[in-house]
>>> print(open('upload15.txt').read())   # compact mmCIF, C-alpha atoms
# COMPACT_ATOMS: atom_id res chain seq x y z
CA MET A 163 106.04 73.32 89.37
CA ALA A 164 106.62 74.44 92.92
CA TYR A 165 105.49 77.83 94.13
CA ASP A 166 105.86 79.72 97.33
CA PRO A 167 103.06 78.88 99.75
CA VAL A 168 100.96 81.84 100.82
CA VAL A 169 100.82 82.83 104.48
CA PHE A 170 98.11 85.21 105.65
CA ILE A 171 99.35 87.42 108.49
CA SER A 172 96.53 88.46 110.79
CA SER A 173 96.59 90.92 113.71
CA THR A 174 95.41 94.30 114.79
CA SER A 175 97.16 96.86 112.63
CA ASP A 176 98.11 100.19 114.21
CA ASP A 177 99.60 98.73 117.39
CA LEU A 178 101.43 95.84 115.72
CA LYS A 179 102.81 97.48 112.56
CA ASP A 180 106.45 96.61 113.38
CA TYR A 181 105.46 93.08 114.41
CA ARG A 182 103.60 92.55 111.14
CA GLU A 183 106.66 93.74 109.23
CA GLN A 184 108.89 91.29 111.10
CA ALA A 185 106.45 88.44 110.43
CA ALA A 186 106.40 89.32 106.71
CA LYS A 187 110.21 89.36 106.59
CA ALA A 188 110.30 85.98 108.31
CA ALA A 189 107.80 84.64 105.78
CA VAL A 190 109.82 85.79 102.78
CA ALA A 191 113.06 84.45 104.27
CA THR A 192 111.49 81.00 104.71
CA GLY A 193 110.09 80.85 101.18
CA PHE A 194 106.53 82.05 101.77
CA SER A 195 104.55 84.70 99.98
CA PRO A 196 103.04 86.88 102.73
CA ARG A 197 99.56 88.39 102.43
CA MET A 198 98.25 90.97 104.84
CA MET A 199 95.95 93.95 104.81
CA GLU A 200 98.81 96.28 103.87
CA TYR A 201 98.80 94.51 100.49
CA PHE A 202 95.07 94.96 99.84
CA PRO A 203 94.26 97.40 97.03
CA ALA A 204 93.81 100.99 98.21
CA THR A 205 90.13 101.92 98.11
CA GLY A 206 89.90 104.82 100.52
CA HIS A 207 88.04 102.77 103.14
CA ALA A 208 88.53 99.67 105.26
CA PRO A 209 88.10 96.33 103.50
CA THR A 210 84.84 94.52 104.10
CA LEU A 211 84.60 91.34 106.11
CA PRO A 212 83.99 89.24 102.95
CA ALA A 213 87.07 90.80 101.30
CA CYS A 214 89.24 89.91 104.31
CA LEU A 215 87.92 86.34 104.44
CA GLU A 216 88.51 85.94 100.72
CA LYS A 217 92.19 86.81 101.24
CA VAL A 218 92.41 84.28 104.08
CA ALA A 219 90.98 81.58 101.79
CA GLU A 220 93.75 82.22 99.26
CA ALA A 221 96.42 81.19 101.78
CA GLU A 222 97.86 77.83 102.82
CA VAL A 223 98.49 78.84 106.44
CA VAL A 224 97.67 81.73 108.80
CA VAL A 225 100.02 83.44 111.24
CA VAL A 226 98.10 85.38 113.89
CA ILE A 227 99.78 87.88 116.20
CA VAL A 228 97.87 88.95 119.30
CA ALA A 229 98.88 91.47 121.94
CA HIS A 230 96.77 93.87 124.02
CA ARG A 231 94.25 95.27 121.52
CA TYR A 232 91.08 93.57 120.32
CA GLY A 233 90.67 95.46 117.06
CA TRP A 234 87.89 96.15 114.60
CA VAL A 235 84.59 94.38 115.29
CA PRO A 236 82.54 94.16 112.08
CA ASP A 237 79.01 95.33 112.80
CA ASP A 238 77.30 92.62 110.86
CA ALA A 239 74.30 90.37 111.34
CA ALA A 240 76.67 87.46 110.74
CA ASN A 241 78.75 88.51 113.77
CA PRO A 242 76.38 88.38 116.77
CA ASP A 243 79.22 87.37 119.13
CA ALA A 244 81.11 90.64 118.47
CA LYS A 245 84.23 88.83 117.29
CA SER A 246 87.07 90.99 116.04
CA ILE A 247 88.18 90.78 112.41
CA THR A 248 91.32 88.93 113.56
CA TRP A 249 89.22 86.34 115.37
CA LEU A 250 86.89 85.97 112.39
CA GLU A 251 89.89 85.46 110.08
CA CYS A 252 91.18 82.68 112.35
CA ASP A 253 87.72 81.07 112.55
CA HIS A 254 87.45 81.17 108.76
CA ALA A 255 90.88 79.59 108.39
CA ARG A 256 90.18 76.79 110.87
CA HIS A 257 86.54 75.99 110.29
CA VAL A 258 85.81 76.96 106.67
CA THR A 259 89.05 76.41 104.75
CA HIS A 260 90.50 73.91 107.29
CA MET A 261 93.96 75.42 107.31
CA GLU A 262 96.42 75.63 110.14
CA VAL A 263 96.62 78.71 112.33
CA LEU A 264 99.99 79.47 113.95
CA ALA A 265 99.31 81.72 116.95
CA PHE A 266 101.85 84.07 118.53
CA LEU A 267 100.77 85.77 121.74
CA VAL A 268 102.45 88.57 123.62
CA ASP A 269 104.15 87.39 126.78
CA PRO A 270 101.79 88.51 129.58
CA ASP A 271 104.83 89.10 131.82
CA TYR A 272 106.47 91.52 129.38
CA LYS A 273 106.40 94.83 131.28
CA GLU A 274 107.79 97.06 128.51
CA TRP A 275 104.59 97.04 126.42
CA PRO A 276 103.58 100.68 125.76
CA THR A 277 100.49 101.81 127.66
CA GLU A 278 99.12 103.56 124.56
CA LEU A 279 99.04 100.21 122.72
CA ARG A 280 96.62 98.60 125.18
CA GLU A 281 92.86 98.35 124.75
CA ASP A 282 92.11 100.36 127.89
CA TYR A 283 94.11 103.35 126.59
CA ARG A 284 91.10 104.09 124.40
CA LEU A 285 89.45 105.33 127.61
CA VAL A 286 91.93 108.21 127.44
CA THR A 287 91.91 108.92 123.70
CA GLU A 288 88.17 108.44 123.15
CA ARG A 289 86.89 109.44 126.59
CA LYS A 290 84.18 111.74 125.23
CA ARG A 291 82.70 109.11 122.92
CA PRO A 292 79.41 107.74 124.30
CA GLY A 293 79.61 104.05 125.21
CA ILE A 294 83.40 103.81 125.11
CA SER A 295 83.68 102.41 128.63
CA ALA A 296 81.28 99.54 127.91
CA GLU A 297 82.98 98.87 124.57
CA VAL A 298 86.44 98.70 126.15
CA ASP A 299 85.14 96.36 128.89
CA ARG A 300 83.57 94.11 126.25
CA ASN A 301 86.70 94.16 124.11
CA GLU A 302 88.99 93.28 127.02
CA GLU A 303 86.74 90.35 127.97
CA LYS A 304 86.54 89.18 124.34
CA LEU A 305 90.33 89.55 123.89
CA ALA A 306 90.92 87.27 126.89
CA GLN A 307 88.45 84.76 125.44
CA PHE A 308 90.16 84.92 122.02
CA LYS A 309 93.57 84.31 123.62
CA ARG A 310 92.20 81.27 125.45
CA GLU A 311 90.90 79.89 122.17
CA LEU A 312 94.22 80.55 120.43
CA SER A 313 96.05 78.57 123.08
CA ARG A 314 94.99 75.47 121.11
CA TYR A 315 97.07 76.72 118.15
CA PHE A 316 99.75 78.39 120.24
CA ARG A 317 103.27 78.49 118.84
CA ALA A 318 105.20 80.93 121.02
CA LYS A 319 105.21 84.05 123.19
CA PHE A 320 106.89 87.21 121.96
CA THR A 321 107.99 90.45 123.60
CA ASP A 322 109.33 93.10 121.21
CA ALA A 323 109.06 93.05 117.41
CA LYS A 324 112.55 91.59 116.90
CA SER A 325 111.71 88.65 119.17
CA LEU A 326 108.83 87.67 116.89
CA ARG A 327 110.77 87.20 113.66
CA PRO A 328 112.77 84.06 114.60
CA LEU A 329 109.66 82.51 116.15
CA VAL A 330 107.67 82.98 112.95
CA SER A 331 110.60 81.75 110.84
CA GLU A 332 110.88 78.59 112.89
CA ALA A 333 107.13 77.90 112.82
CA LEU A 334 106.87 78.43 109.06
CA ALA A 335 109.93 76.27 108.39
CA ASP A 336 108.32 73.56 110.52
CA TRP A 337 105.05 73.97 108.58
CA ARG A 338 106.94 73.42 105.30
CA ARG A 339 108.57 70.26 106.67
CA ARG A 340 105.12 68.91 107.60
CA HIS A 341 103.72 69.69 104.12
CA PRO A 342 105.91 67.76 101.68
CA SER A 343 104.49 69.41 98.56
CA PHE A 344 106.02 72.66 99.81
CA ALA A 345 109.17 71.20 101.37
CA ALA A 346 110.93 70.32 98.09
CA VAL A 347 112.69 73.67 97.78
CA ALA A 348 115.90 73.98 99.76
CA LEU A 349 115.73 77.18 101.75
CA PRO A 350 118.65 79.11 103.21
CA GLY A 351 116.65 80.06 106.30
CA ASP A 352 116.12 83.46 107.81
CA PRO A 353 119.47 85.26 108.17
CA GLU A 354 118.06 87.17 111.17
CA THR A 355 117.39 84.03 113.23
>>> encode(input="upload15.txt", output="structure tokens")
Amino acid sequence: MAYDPVVFISSTSDDLKDYREQAAKAAVATGFSPRMMEYFPATGHAPTLPACLEKVAEAEVVVVIVAHRYGWVPDDAANPDAKSITWLECDHARHVTHMEVLAFLVDPDYKEWPTELREDYRLVTERKRPGISAEVDRNEEKLAQFKRELSRYFRAKFTDAKSLRPLVSEALADWRRRHPSFAAVALPGDPET
């Protein structure tokens, strides 16, 4: 019996809400069952690192969306390199569960990206918090490093949220073609592409 493959959608959350929604719509339209933090049970606090990695392990493929924010860095003895949760999810997918990561990176030449959705904007909103300058510097350096690593799994560049949906649809349809056990179902394709 065939079932819809599960795709875990990974990214920072507040700045990429619309992008995550477009990726989820693309997943459904191409016959995938999307999983992302919005679907985690409500507990009143952020999910733990093990809970996030457990959800990644339940998937067949990961779609990661990366723009100009680094995101939550779990303060954990198992995270001495200060990797963001998004980076740790990708590492878990690649190196622990050996699944494919499909990476979508914001086009660095896209000039319309809102200033308030960039890592350095935290210097404005959190300016009175001790250590914020050093944290933002670290996060910007780590974000650049993460993007370099993702270039090995790179699928496409996006600009606005609508531009992401057809790119994710195409990549997931291609993934299904390369995985015959999931390619048996005839799919109509994403009507938005």
>>> atom_distance(input="upload15.txt", atom1="atom CA of Thr277 of chain A", atom2="atom CA of Phe308 of chain A")
20.6 Å
>>> residues_around(input="upload15.txt", residues="segment 290-306 of chain A", least_positions_apart="5", cutoff="8 Å", atoms="all atoms listed in the file", output="list of chain:residue names")
A:His230, A:Arg231, A:Tyr232, A:Lys245, A:Glu281, A:Asp282, A:Arg284, A:Leu285
>>> residues_around(input="upload15.txt", residues="Ser325 of chain A", least_positions_apart="2", cutoff="12 Å", atoms="all atoms listed in the file", output="VMD selection string")
chain A and resid 180 to 181 184 to 185 188 266 to 269 272 318 to 323 327 to 332 354 to 355
>>> closest_residue(input="upload15.txt", among="A:Leu326, A:Ala186, A:Val286, A:Ile171", to="Cys252 of chain A", atoms="all atoms listed in the file")
A:Ile171
>>> closest_residue(input="upload15.txt", among="A:Arg197, A:Arg289, A:Lys179, A:His341", to="Met261 of chain A", atoms="all atoms listed in the file")
A:His341
>>> closest_atom_pairs(input="upload15.txt", of="segment 248-281 of chain A", to="segment 210-220 of chain A", cutoff="7 Å", atoms="all atoms listed in the file", output="tab-separated table")
residue	atom	partner	partner_atom	distance
A:Glu251	CA	A:Leu215	CA	6.0
A:His254	CA	A:Leu215	CA	6.8
A:Ala255	CA	A:Val218	CA	6.6
A:Thr259	CA	A:Ala219	CA	6.3
>>> closest_residue(input="upload15.txt", among="A:Glu274, A:Glu222, A:Glu311, A:Asp253", to="Ser195 of chain A", atoms="all atoms listed in the file")
A:Glu222
>>> atom_distance(input="upload15.txt", atom1="atom CA of Thr192 of chain A", atom2="atom CA of Ala265 of chain A")
17.3 Å
>>> atom_distance(input="upload15.txt", atom1="atom CA of Pro342 of chain A", atom2="atom CA of Trp249 of chain A")
28.5 Å
>>> closest_residue(input="upload15.txt", among="A:Pro167, A:Ser175, A:Phe316, A:Ser343", to="Val190 of chain A", atoms="all atoms listed in the file")
A:Pro167
>>> residues_around(input="upload15.txt", residues="Ser246 of chain A", least_positions_apart="2", cutoff="8 Å", atoms="all atoms listed in the file", output="list in words")
Tyr232, Gly233, Trp234, Val235, Pro236, Ala244, Thr248, Trp249 and Leu250 of chain A
>>> closest_residue(input="upload15.txt", among="A:Gln307, A:Leu279, A:Asp177, A:Arg314", to="Val263 of chain A", atoms="all atoms listed in the file")
A:Arg314
>>> closest_residue(input="upload15.txt", among="A:Lys273, A:Glu278, A:Ala221, A:Asp237", to="Arg256 of chain A", atoms="all atoms listed in the file")
A:Ala221
>>> residues_around(input="upload15.txt", residues="Leu264 of chain A", least_positions_apart="5", cutoff="7 Å", atoms="only C-alpha atoms", output="PDB file with C-alpha atoms, keeping the file's coordinate frame")
ATOM      1  CA  VAL A 224      97.670  81.730 108.800  1.00  0.00           C
ATOM      2  CA  VAL A 225     100.020  83.440 111.240  1.00  0.00           C
ATOM      3  CA  VAL A 226      98.100  85.380 113.890  1.00  0.00           C
ATOM      4  CA  TYR A 315      97.070  76.720 118.150  1.00  0.00           C
ATOM      5  CA  PHE A 316      99.750  78.390 120.240  1.00  0.00           C
ATOM      6  CA  ARG A 317     103.270  78.490 118.840  1.00  0.00           C
TER       7      ARG A 317
END
